[in-house]
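Asker: mmCIF, C-alpha atoms and all ligand atoms; chains and numbers go by the auth columns, file data_24.cif:
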```cif
data_upload
loop_
_atom_site.group_PDB
_atom_site.id
_atom_site.type_symbol
_atom_site.label_atom_id
_atom_site.label_comp_id
_atom_site.label_asym_id
_atom_site.label_seq_id
_atom_site.Cartn_x
_atom_site.Cartn_y
_atom_site.Cartn_z
_atom_site.B_iso_or_equiv
_atom_site.auth_seq_id
_atom_site.auth_asym_id
ATOM 1 C CA MET A 1 -61.428 -79.908 -115.632 0.00 1 A
ATOM 2 C CA LEU A 2 -59.578 -76.720 -114.843 0.00 2 A
ATOM 3 C CA ASN A 3 -61.835 -74.224 -113.298 0.00 3 A
ATOM 4 C CA LEU A 4 -61.059 -70.573 -113.052 0.00 4 A
ATOM 5 C CA LYS A 5 -61.954 -70.257 -109.370 0.00 5 A
ATOM 6 C CA HIS A 6 -59.668 -73.129 -108.479 0.00 6 A
ATOM 7 C CA LEU A 7 -56.857 -71.655 -110.533 0.00 7 A
ATOM 8 C CA LEU A 8 -57.284 -68.340 -108.738 0.00 8 A
ATOM 9 C CA PHE A 9 -57.251 -70.080 -105.340 0.00 9 A
ATOM 10 C CA VAL A 10 -54.062 -71.974 -106.175 0.00 10 A
ATOM 11 C CA SER A 11 -52.311 -68.820 -107.386 0.00 11 A
ATOM 12 C CA LEU A 12 -53.303 -66.877 -104.274 0.00 12 A
ATOM 13 C CA PHE A 13 -52.150 -69.743 -102.037 0.00 13 A
ATOM 14 C CA TYR A 14 -48.711 -69.764 -103.631 0.00 14 A
ATOM 15 C CA MET A 15 -48.454 -65.993 -103.532 0.00 15 A
ATOM 16 C CA ALA A 16 -49.338 -65.938 -99.839 0.00 16 A
ATOM 17 C CA HIS A 17 -46.696 -68.526 -98.982 0.00 17 A
ATOM 18 C CA ALA A 18 -44.033 -67.134 -101.275 0.00 18 A
ATOM 19 C CA ALA A 19 -44.308 -63.920 -99.262 0.00 19 A
ATOM 20 C CA ASP A 20 -43.455 -65.708 -95.993 0.00 20 A
ATOM 21 C CA SER A 21 -39.965 -65.180 -94.624 0.00 21 A
ATOM 22 C CA ASP A 22 -37.850 -68.311 -94.102 0.00 22 A
ATOM 23 C CA ILE A 23 -38.234 -68.186 -90.316 0.00 23 A
ATOM 24 C CA THR A 24 -42.010 -67.856 -90.739 0.00 24 A
ATOM 25 C CA LYS A 25 -42.000 -70.978 -92.934 0.00 25 A
ATOM 26 C CA PHE A 26 -40.171 -72.954 -90.233 0.00 26 A
ATOM 27 C CA MET A 27 -42.547 -71.643 -87.580 0.00 27 A
ATOM 28 C CA LYS A 28 -45.592 -72.657 -89.615 0.00 28 A
ATOM 29 C CA HIS A 29 -44.108 -76.065 -90.298 0.00 29 A
ATOM 30 C CA LEU A 30 -43.767 -76.818 -86.561 0.00 30 A
ATOM 31 C CA GLU A 31 -46.966 -74.902 -85.707 0.00 31 A
ATOM 32 C CA VAL A 32 -45.306 -72.220 -83.596 0.00 32 A
ATOM 33 C CA ILE A 33 -47.713 -70.310 -85.802 0.00 33 A
ATOM 34 C CA PRO A 34 -50.542 -70.461 -84.656 0.00 34 A
ATOM 35 C CA ASP A 35 -49.738 -71.983 -81.231 0.00 35 A
ATOM 36 C CA VAL A 36 -47.667 -69.014 -79.999 0.00 36 A
ATOM 37 C CA ILE A 37 -48.067 -66.184 -82.498 0.00 37 A
ATOM 38 C CA ALA A 38 -50.443 -65.421 -85.342 0.00 38 A
ATOM 39 C CA GLU A 39 -47.963 -63.762 -87.660 0.00 39 A
ATOM 40 C CA GLY A 40 -44.275 -64.583 -88.089 0.00 40 A
ATOM 41 C CA PRO A 41 -41.222 -62.333 -87.994 0.00 41 A
ATOM 42 C CA LYS A 42 -39.108 -61.400 -91.016 0.00 42 A
ATOM 43 C CA ASP A 43 -35.721 -62.142 -89.508 0.00 43 A
ATOM 44 C CA PHE A 44 -33.902 -64.957 -87.769 0.00 44 A
ATOM 45 C CA LEU A 45 -32.754 -64.247 -84.234 0.00 45 A
ATOM 46 C CA LYS A 46 -29.236 -65.526 -83.560 0.00 46 A
ATOM 47 C CA VAL A 47 -29.287 -67.540 -80.329 0.00 47 A
ATOM 48 C CA SER A 48 -26.051 -69.238 -79.249 0.00 48 A
ATOM 49 C CA TYR A 49 -25.190 -71.189 -76.110 0.00 49 A
ATOM 50 C CA ASP A 50 -21.836 -71.432 -74.333 0.00 50 A
ATOM 51 C CA SER A 51 -22.067 -75.228 -74.847 0.00 51 A
ATOM 52 C CA GLY A 52 -21.385 -74.541 -78.532 0.00 52 A
ATOM 53 C CA VAL A 53 -24.887 -75.130 -79.907 0.00 53 A
ATOM 54 C CA VAL A 54 -27.272 -72.713 -81.597 0.00 54 A
ATOM 55 C CA ALA A 55 -31.041 -72.607 -81.284 0.00 55 A
ATOM 56 C CA ASP A 56 -31.988 -72.576 -84.933 0.00 56 A
ATOM 57 C CA LYS A 57 -34.977 -73.633 -87.063 0.00 57 A
ATOM 58 C CA GLY A 58 -36.395 -76.099 -84.549 0.00 58 A
ATOM 59 C CA VAL A 59 -33.212 -78.176 -84.132 0.00 59 A
ATOM 60 C CA GLU A 60 -33.248 -80.665 -81.254 0.00 60 A
ATOM 61 C CA LEU A 61 -30.978 -79.693 -78.362 0.00 61 A
ATOM 62 C CA THR A 62 -30.689 -81.148 -74.871 0.00 62 A
ATOM 63 C CA PRO A 63 -31.497 -79.544 -71.495 0.00 63 A
ATOM 64 C CA THR A 64 -27.790 -80.004 -70.661 0.00 64 A
ATOM 65 C CA GLN A 65 -26.783 -77.920 -73.691 0.00 65 A
ATOM 66 C CA VAL A 66 -29.165 -75.054 -72.903 0.00 66 A
ATOM 67 C CA LYS A 67 -28.772 -74.752 -69.136 0.00 67 A
ATOM 68 C CA HIS A 68 -27.049 -71.349 -69.261 0.00 68 A
ATOM 69 C CA GLN A 69 -28.518 -68.131 -70.569 0.00 69 A
ATOM 70 C CA PRO A 70 -27.641 -67.861 -74.285 0.00 70 A
ATOM 71 C CA LYS A 71 -26.182 -64.982 -76.224 0.00 71 A
ATOM 72 C CA VAL A 72 -28.892 -63.401 -78.391 0.00 72 A
ATOM 73 C CA GLU A 73 -27.920 -61.134 -81.267 0.00 73 A
ATOM 74 C CA TRP A 74 -29.820 -58.873 -83.627 0.00 74 A
ATOM 75 C CA ASN A 75 -29.384 -55.688 -85.629 0.00 75 A
ATOM 76 C CA PRO A 76 -31.207 -52.944 -83.756 0.00 76 A
ATOM 77 C CA GLU A 77 -32.854 -50.075 -85.546 0.00 77 A
ATOM 78 C CA SER A 78 -30.905 -47.680 -83.297 0.00 78 A
ATOM 79 C CA THR A 79 -29.387 -47.576 -79.809 0.00 79 A
ATOM 80 C CA ASN A 80 -32.416 -45.716 -78.495 0.00 80 A
ATOM 81 C CA THR A 81 -34.952 -48.203 -79.814 0.00 81 A
ATOM 82 C CA PHE A 82 -36.251 -50.493 -77.055 0.00 82 A
ATOM 83 C CA TYR A 83 -36.863 -54.204 -77.459 0.00 83 A
ATOM 84 C CA THR A 84 -38.624 -57.025 -75.605 0.00 84 A
ATOM 85 C CA LEU A 85 -37.247 -60.578 -75.691 0.00 85 A
ATOM 86 C CA ILE A 86 -39.426 -63.579 -74.836 0.00 86 A
ATOM 87 C CA MET A 87 -38.519 -67.260 -74.595 0.00 87 A
ATOM 88 C CA THR A 88 -41.535 -69.490 -74.152 0.00 88 A
ATOM 89 C CA ASP A 89 -42.588 -73.159 -74.222 0.00 89 A
ATOM 90 C CA PRO A 90 -46.125 -73.730 -75.566 0.00 90 A
ATOM 91 C CA ASP A 91 -45.832 -77.451 -74.791 0.00 91 A
ATOM 92 C CA ALA A 92 -46.244 -77.504 -71.029 0.00 92 A
ATOM 93 C CA PRO A 93 -46.513 -80.098 -69.727 0.00 93 A
ATOM 94 C CA SER A 94 -46.513 -81.743 -73.201 0.00 94 A
ATOM 95 C CA ARG A 95 -47.268 -80.835 -76.784 0.00 95 A
ATOM 96 C CA ALA A 96 -50.018 -83.469 -76.791 0.00 96 A
ATOM 97 C CA LYS A 97 -51.703 -81.984 -73.688 0.00 97 A
ATOM 98 C CA PRO A 98 -50.557 -78.375 -73.281 0.00 98 A
ATOM 99 C CA GLU A 99 -52.701 -77.585 -70.250 0.00 99 A
ATOM 100 C CA MET A 100 -50.260 -75.001 -68.893 0.00 100 A
ATOM 101 C CA ARG A 101 -49.517 -73.381 -72.246 0.00 101 A
ATOM 102 C CA GLU A 102 -47.314 -71.350 -72.240 0.00 102 A
ATOM 103 C CA TRP A 103 -44.568 -71.834 -69.649 0.00 103 A
ATOM 104 C CA HIS A 104 -42.344 -68.792 -70.132 0.00 104 A
ATOM 105 C CA HIS A 105 -38.609 -69.240 -69.613 0.00 105 A
ATOM 106 C CA TRP A 106 -37.236 -65.759 -70.061 0.00 106 A
ATOM 107 C CA LEU A 107 -38.644 -62.268 -70.335 0.00 107 A
ATOM 108 C CA VAL A 108 -36.484 -59.181 -70.740 0.00 108 A
ATOM 109 C CA VAL A 109 -37.960 -55.776 -71.581 0.00 109 A
ATOM 110 C CA ASN A 110 -36.763 -52.229 -72.250 0.00 110 A
ATOM 111 C CA ILE A 111 -33.593 -53.535 -73.913 0.00 111 A
ATOM 112 C CA PRO A 112 -31.826 -50.513 -75.419 0.00 112 A
ATOM 113 C CA GLY A 113 -30.645 -51.359 -78.950 0.00 113 A
ATOM 114 C CA ASN A 114 -29.134 -54.842 -78.731 0.00 114 A
ATOM 115 C CA SER A 115 -27.627 -54.443 -75.242 0.00 115 A
ATOM 116 C CA LEU A 116 -29.450 -57.399 -73.752 0.00 116 A
ATOM 117 C CA ASP A 117 -27.630 -57.060 -70.408 0.00 117 A
ATOM 118 C CA LYS A 118 -28.949 -53.504 -70.018 0.00 118 A
ATOM 119 C CA GLY A 119 -32.570 -54.649 -70.298 0.00 119 A
ATOM 120 C CA GLU A 120 -34.994 -55.031 -67.406 0.00 120 A
ATOM 121 C CA VAL A 121 -35.319 -58.713 -66.489 0.00 121 A
ATOM 122 C CA LEU A 122 -38.940 -59.498 -65.634 0.00 122 A
ATOM 123 C CA SER A 123 -38.324 -63.272 -65.582 0.00 123 A
ATOM 124 C CA ALA A 124 -34.795 -64.633 -65.236 0.00 124 A
ATOM 125 C CA TYR A 125 -33.626 -67.290 -67.701 0.00 125 A
ATOM 126 C CA ILE A 126 -34.497 -70.914 -66.961 0.00 126 A
ATOM 127 C CA GLY A 127 -33.346 -73.617 -69.387 0.00 127 A
ATOM 128 C CA SER A 128 -35.353 -76.527 -70.720 0.00 128 A
ATOM 129 C CA GLY A 129 -36.874 -78.727 -68.035 0.00 129 A
ATOM 130 C CA ALA A 130 -39.108 -80.967 -70.102 0.00 130 A
ATOM 131 C CA PRO A 131 -40.659 -83.588 -67.799 0.00 131 A
ATOM 132 C CA LYS A 132 -39.789 -87.245 -68.416 0.00 132 A
ATOM 133 C CA ASP A 133 -41.820 -88.972 -71.157 0.00 133 A
ATOM 134 C CA THR A 134 -43.466 -85.788 -72.442 0.00 134 A
ATOM 135 C CA GLY A 135 -41.716 -85.847 -75.801 0.00 135 A
ATOM 136 C CA LEU A 136 -40.273 -82.870 -77.607 0.00 136 A
ATOM 137 C CA HIS A 137 -41.142 -79.381 -76.412 0.00 137 A
ATOM 138 C CA ARG A 138 -40.722 -76.289 -78.590 0.00 138 A
ATOM 139 C CA TYR A 139 -38.756 -73.395 -77.103 0.00 139 A
ATOM 140 C CA VAL A 140 -39.470 -70.198 -78.956 0.00 140 A
ATOM 141 C CA PHE A 141 -37.489 -66.957 -78.880 0.00 141 A
ATOM 142 C CA LEU A 142 -39.247 -63.808 -80.038 0.00 142 A
ATOM 143 C CA LEU A 143 -37.948 -60.286 -80.290 0.00 143 A
ATOM 144 C CA TYR A 144 -40.374 -57.366 -80.365 0.00 144 A
ATOM 145 C CA LYS A 145 -39.661 -53.734 -81.054 0.00 145 A
ATOM 146 C CA GLN A 146 -41.362 -51.612 -78.404 0.00 146 A
ATOM 147 C CA PRO A 147 -43.103 -48.378 -79.408 0.00 147 A
ATOM 148 C CA LYS A 148 -41.027 -46.662 -76.668 0.00 148 A
ATOM 149 C CA LYS A 149 -39.593 -47.332 -73.217 0.00 149 A
ATOM 150 C CA LEU A 150 -42.488 -48.801 -71.221 0.00 150 A
ATOM 151 C CA GLU A 151 -43.620 -49.384 -67.639 0.00 151 A
ATOM 152 C CA PHE A 152 -44.296 -53.070 -66.998 0.00 152 A
ATOM 153 C CA THR A 153 -46.608 -54.270 -64.241 0.00 153 A
ATOM 154 C CA GLU A 154 -45.438 -57.919 -64.127 0.00 154 A
ATOM 155 C CA THR A 155 -43.853 -59.388 -61.008 0.00 155 A
ATOM 156 C CA HIS A 156 -40.107 -59.995 -61.286 0.00 156 A
ATOM 157 C CA LEU A 157 -39.408 -63.757 -61.281 0.00 157 A
ATOM 158 C CA THR A 158 -36.079 -65.323 -60.327 0.00 158 A
ATOM 159 C CA ASN A 159 -34.454 -68.525 -61.586 0.00 159 A
ATOM 160 C CA THR A 160 -34.944 -70.348 -58.289 0.00 160 A
ATOM 161 C CA SER A 161 -38.718 -70.781 -58.426 0.00 161 A
ATOM 162 C CA ALA A 162 -41.226 -71.878 -61.052 0.00 162 A
ATOM 163 C CA LYS A 163 -43.976 -69.761 -59.565 0.00 163 A
ATOM 164 C CA GLY A 164 -45.788 -67.507 -62.047 0.00 164 A
ATOM 165 C CA ARG A 165 -44.271 -69.126 -65.134 0.00 165 A
ATOM 166 C CA GLU A 166 -47.241 -71.113 -66.429 0.00 166 A
ATOM 167 C CA ASN A 167 -50.307 -70.022 -68.384 0.00 167 A
ATOM 168 C CA PHE A 168 -48.377 -67.204 -70.004 0.00 168 A
ATOM 169 C CA SER A 169 -49.674 -65.866 -73.311 0.00 169 A
ATOM 170 C CA THR A 170 -47.236 -64.245 -75.706 0.00 170 A
ATOM 171 C CA LYS A 171 -50.167 -62.999 -77.776 0.00 171 A
ATOM 172 C CA ASN A 172 -51.812 -61.315 -74.776 0.00 172 A
ATOM 173 C CA PHE A 173 -48.534 -59.867 -73.521 0.00 173 A
ATOM 174 C CA ALA A 174 -47.738 -58.392 -76.948 0.00 174 A
ATOM 175 C CA GLU A 175 -51.229 -56.985 -77.215 0.00 175 A
ATOM 176 C CA LYS A 176 -51.195 -55.512 -73.692 0.00 176 A
ATOM 177 C CA TYR A 177 -48.064 -53.497 -74.500 0.00 177 A
ATOM 178 C CA GLY A 178 -48.794 -52.748 -78.161 0.00 178 A
ATOM 179 C CA LEU A 179 -45.759 -54.684 -79.393 0.00 179 A
ATOM 180 C CA GLY A 180 -47.265 -55.734 -82.729 0.00 180 A
ATOM 181 C CA VAL A 181 -45.654 -58.499 -84.787 0.00 181 A
ATOM 182 C CA PRO A 182 -42.259 -59.838 -83.616 0.00 182 A
ATOM 183 C CA VAL A 183 -39.346 -58.483 -85.665 0.00 183 A
ATOM 184 C CA ALA A 184 -37.156 -61.579 -85.239 0.00 184 A
ATOM 185 C CA GLY A 185 -37.405 -65.072 -83.840 0.00 185 A
ATOM 186 C CA ASN A 186 -36.037 -68.588 -83.721 0.00 186 A
ATOM 187 C CA PHE A 187 -36.652 -71.818 -81.856 0.00 187 A
ATOM 188 C CA PHE A 188 -35.308 -75.199 -80.808 0.00 188 A
ATOM 189 C CA GLN A 189 -36.832 -78.377 -79.464 0.00 189 A
ATOM 190 C CA ALA A 190 -35.771 -80.447 -76.476 0.00 190 A
ATOM 191 C CA GLN A 191 -36.916 -83.381 -74.408 0.00 191 A
ATOM 192 C CA TYR A 192 -35.978 -84.751 -71.005 0.00 192 A
ATOM 193 C CA ASP A 193 -32.394 -85.613 -70.193 0.00 193 A
ATOM 194 C CA ASP A 194 -30.540 -86.261 -66.934 0.00 194 A
ATOM 195 C CA TYR A 195 -29.889 -82.559 -66.298 0.00 195 A
ATOM 196 C CA VAL A 196 -33.624 -81.986 -65.706 0.00 196 A
ATOM 197 C CA PRO A 197 -33.653 -83.335 -62.095 0.00 197 A
ATOM 198 C CA GLU A 198 -30.844 -80.896 -61.299 0.00 198 A
ATOM 199 C CA LEU A 199 -32.874 -78.010 -62.699 0.00 199 A
ATOM 200 C CA TYR A 200 -35.872 -79.133 -60.630 0.00 200 A
ATOM 201 C CA LYS A 201 -33.679 -78.906 -57.508 0.00 201 A
ATOM 202 C CA GLN A 202 -32.821 -75.302 -58.456 0.00 202 A
ATOM 203 C CA LEU A 203 -36.566 -74.616 -58.719 0.00 203 A
ATOM 204 C CA GLY A 204 -37.267 -76.249 -55.354 0.00 204 A
ATOM 205 C CA PHE A 205 -39.376 -79.157 -56.708 0.00 205 A
HETATM 206 C C1 LIG B . -29.480 -67.985 -61.543 0.00 301 B
HETATM 207 O O1 LIG B . -29.384 -66.593 -61.313 0.00 301 B
HETATM 208 C C2 LIG B . -28.212 -66.237 -60.599 0.00 301 B
HETATM 209 C C3 LIG B . -28.327 -64.776 -60.212 0.00 301 B
HETATM 210 O O2 LIG B . -28.626 -63.971 -61.306 0.00 301 B
HETATM 211 C C4 LIG B . -26.998 -66.537 -61.468 0.00 301 B
HETATM 212 O O3 LIG B . -25.817 -66.182 -60.817 0.00 301 B
HETATM 213 C C5 LIG B . -26.998 -68.031 -61.784 0.00 301 B
HETATM 214 O O4 LIG B . -25.954 -68.324 -62.675 0.00 301 B
HETATM 215 C C6 LIG B . -28.318 -68.454 -62.402 0.00 301 B
HETATM 216 N N1 LIG B . -28.330 -69.912 -62.517 0.00 301 B
HETATM 217 C C7 LIG B . -28.546 -70.544 -63.658 0.00 301 B
HETATM 218 C C8 LIG B . -28.470 -72.033 -63.634 0.00 301 B
HETATM 219 O O5 LIG B . -28.821 -69.956 -64.684 0.00 301 B
HETATM 220 C C1 LIG B . -53.371 -72.716 -65.594 0.00 302 B
HETATM 221 O O1 LIG B . -54.372 -73.138 -66.487 0.00 302 B
HETATM 222 C C2 LIG B . -54.920 -74.427 -66.163 0.00 302 B
HETATM 223 C C3 LIG B . -55.862 -74.827 -67.283 0.00 302 B
HETATM 224 O O2 LIG B . -56.683 -73.769 -67.674 0.00 302 B
HETATM 225 C C4 LIG B . -55.598 -74.342 -64.807 0.00 302 B
HETATM 226 O O3 LIG B . -56.120 -75.602 -64.451 0.00 302 B
HETATM 227 C C5 LIG B . -54.558 -73.890 -63.770 0.00 302 B
HETATM 228 O O4 LIG B . -55.180 -73.712 -62.511 0.00 302 B
HETATM 229 C C6 LIG B . -53.887 -72.599 -64.187 0.00 302 B
HETATM 230 N N1 LIG B . -52.798 -72.286 -63.254 0.00 302 B
HETATM 231 C C7 LIG B . -52.730 -71.101 -62.651 0.00 302 B
HETATM 232 C C8 LIG B . -51.584 -70.940 -61.682 0.00 302 B
HETATM 233 O O5 LIG B . -53.537 -70.212 -62.832 0.00 302 B
#
```
Show the structure stored in the file as C-alpha cells.
Ligand SMILES: *[C@@H]1O[C@H](CO)[C@@H](O)[C@H](O)[C@H]1NC(C)=O
Ligand SMILES: *[C@@H]1O[C@H](CO)[C@@H](O)[C@H](O)[C@H]1NC(C)=O
Answerer:
Amino acid sequence: MLNLKHLLFVSLFYMAHAADSDITKFMKHLEVIPDVIAEGPKDFLKVSYDSGVVADKGVELTPTQVKHQPKVEWNPESTNTFYTLIMTDPDAPSRAKPEMREWHHWLVVNIPGNSLDKGEVLSAYIGSGAPKDTGLHRYVFLLYKQPKKLEFTETHLTNTSAKGRENFSTKNFAEKYGLGVPVAGNFFQAQYDDYVPELYKQLGF
C-alpha cells in the first residue's frame, strides 16, 4: 500500500540526487564521496597527460601513462583569485585495506587564477605507484578556491622521496585553511604496471 511518508521519502531522495552535479554523481558512484570529501564539486576539472590520456570520470589509466605531471585546466573567477590543487590516493596501500589513507601525490597552493606553474608547490607531482597485487587505486584531483593568498605551514616535499606523503587528509587540510567545498574535480583509477619499479627507484625504495 502506498503510504504518504514513503512517498515523501522517495520524492526527497530523487530531489537530492537530481541536484547533484555530474562529477558529484561519478564521485559518489566510486565512493570518492565519502572516502575523500563529504560534498562534491559542481564542475569537472580538465586533467590531461602528455601521453595523450585524460583523467576523467574514474577511467582506468596506467602508471606509465601518468608518470609526468599533467596539464590541469579550469576557468578561474579572476586572475587575482587564488586556488589550491590536490591530487590524492585514498587507497594506500589498497582500497581493501587503506591503512595509510590518503597518500597525497601533488599539492600546489596559492595558484593565481589558472596559472598552475605560478603556484607554490608544497608537494611535487608523483605519478601512480600502486603496489603489485593491490588492485585499482583511485587518484583524485580537487581544486579549491582559497579565501585569499595564504601562508602554509607544510614542509615542501620533492619528487625523489616518499617521506611525508602518507596519512594525509584532504578534509582536514581543507578545514585547516578554510577552503570549503572543492569547486572542481576529477579522478582516474590505476593499478600496478611495469613502470612502478622505476618510480620506486626515483623514490629511493
Ligand atoms: C622531478 O622533479 C624534477 C625537478 O623539478 C623534474 O625535473 C623531474 O622531471 C621530475 N621527475 C618526474 C619523473 O616527474
Ligand atoms: C599512518 O597511519 C597508520 C595507521 O593509523 C600508522 O600505523 C602509521 O604509523 C602512520 N604513519 C605515520 C608516518 O604517521
Asker: Take the PyMOL selection byres (((chain A and resi 170-179) around 9) and not hetatm), run it mentally on this structure, and tell me the resulting residues as a ChimeraX atom specification.
Answerer: /A:36-38,84,86,88,102,104,144-147,150,152,168-169,180-182
Asker: Counting all atoms listed in the file, name the residues that have an atom within 6 Å of an atom of ligand LIG 302 (chain B); the answer should be given as a JSON list (two decimals) with C-alpha atoms, keeping the file's coordinate frame.
Answerer:
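Listed below is the output, part.json:
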```json
[["chain", "number", "residue", "atom", "x", "y", "z"],
["A", 99, "GLU", "CA", -52.70, -77.58, -70.25],
["A", 100, "MET", "CA", -50.26, -75.00, -68.89],
["A", 167, "ASN", "CA", -50.31, -70.02, -68.38]]
```
Asker: Give as a PyMOL selection string the residues surrounding ligand LIG 301 (chain B) up to a distance of 7 Å, considering all atoms listed in the file.
Answerer: chain A and resi 67-69+124-126+158-160
Asker: As a check of understanding, name the residues that the PyMOL selection byres (((chain A and resi 107) around 6) and not hetatm) selects in the supplied structure, as a list in words.
Answerer: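 Applied to this file, the PyMOL selection byres (((chain A and resi 107) around 6) and not hetatm) selects Leu85, Ile86, Trp106, Val108, Leu122 and Ser123 of chain A.
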Asker: Name the residues, using the chain letters and numbers of the file, that sit within 8 Å of (-21.4, -71.6, -72.4) when counting all atoms listed in the file, and give them as a PyMOL selection string.
Answerer: chain A and resi 49-52+68+70
Asker: Write to file, as a PDB file, keeping the file's coordinate frame, the residues of the selection just made, with C-alpha atoms.
Answerer:
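As written to disk, result.pdb reads:
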```
ATOM      1  CA  TYR A  49     -25.190 -71.189 -76.110  1.00  0.00           C
ATOM      2  CA  ASP A  50     -21.836 -71.432 -74.333  1.00  0.00           C
ATOM      3  CA  SER A  51     -22.067 -75.228 -74.847  1.00  0.00           C
ATOM      4  CA  GLY A  52     -21.385 -74.541 -78.532  1.00  0.00           C
ATOM      5  CA  HIS A  68     -27.049 -71.349 -69.261  1.00  0.00           C
ATOM      6  CA  PRO A  70     -27.641 -67.861 -74.285  1.00  0.00           C
TER       7      PRO A  70
END
```
Asker: Need the neighbours of (-37.1, -77.5, -82.9): which residues are at most 7 Å away, counting only C-alpha atoms, as a list of chain:residue names?
Answerer: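 Selection result: A:Lys57, A:Gly58, A:Val59, A:Glu60, A:Arg138, A:Phe187, A:Phe188, A:Gln189.
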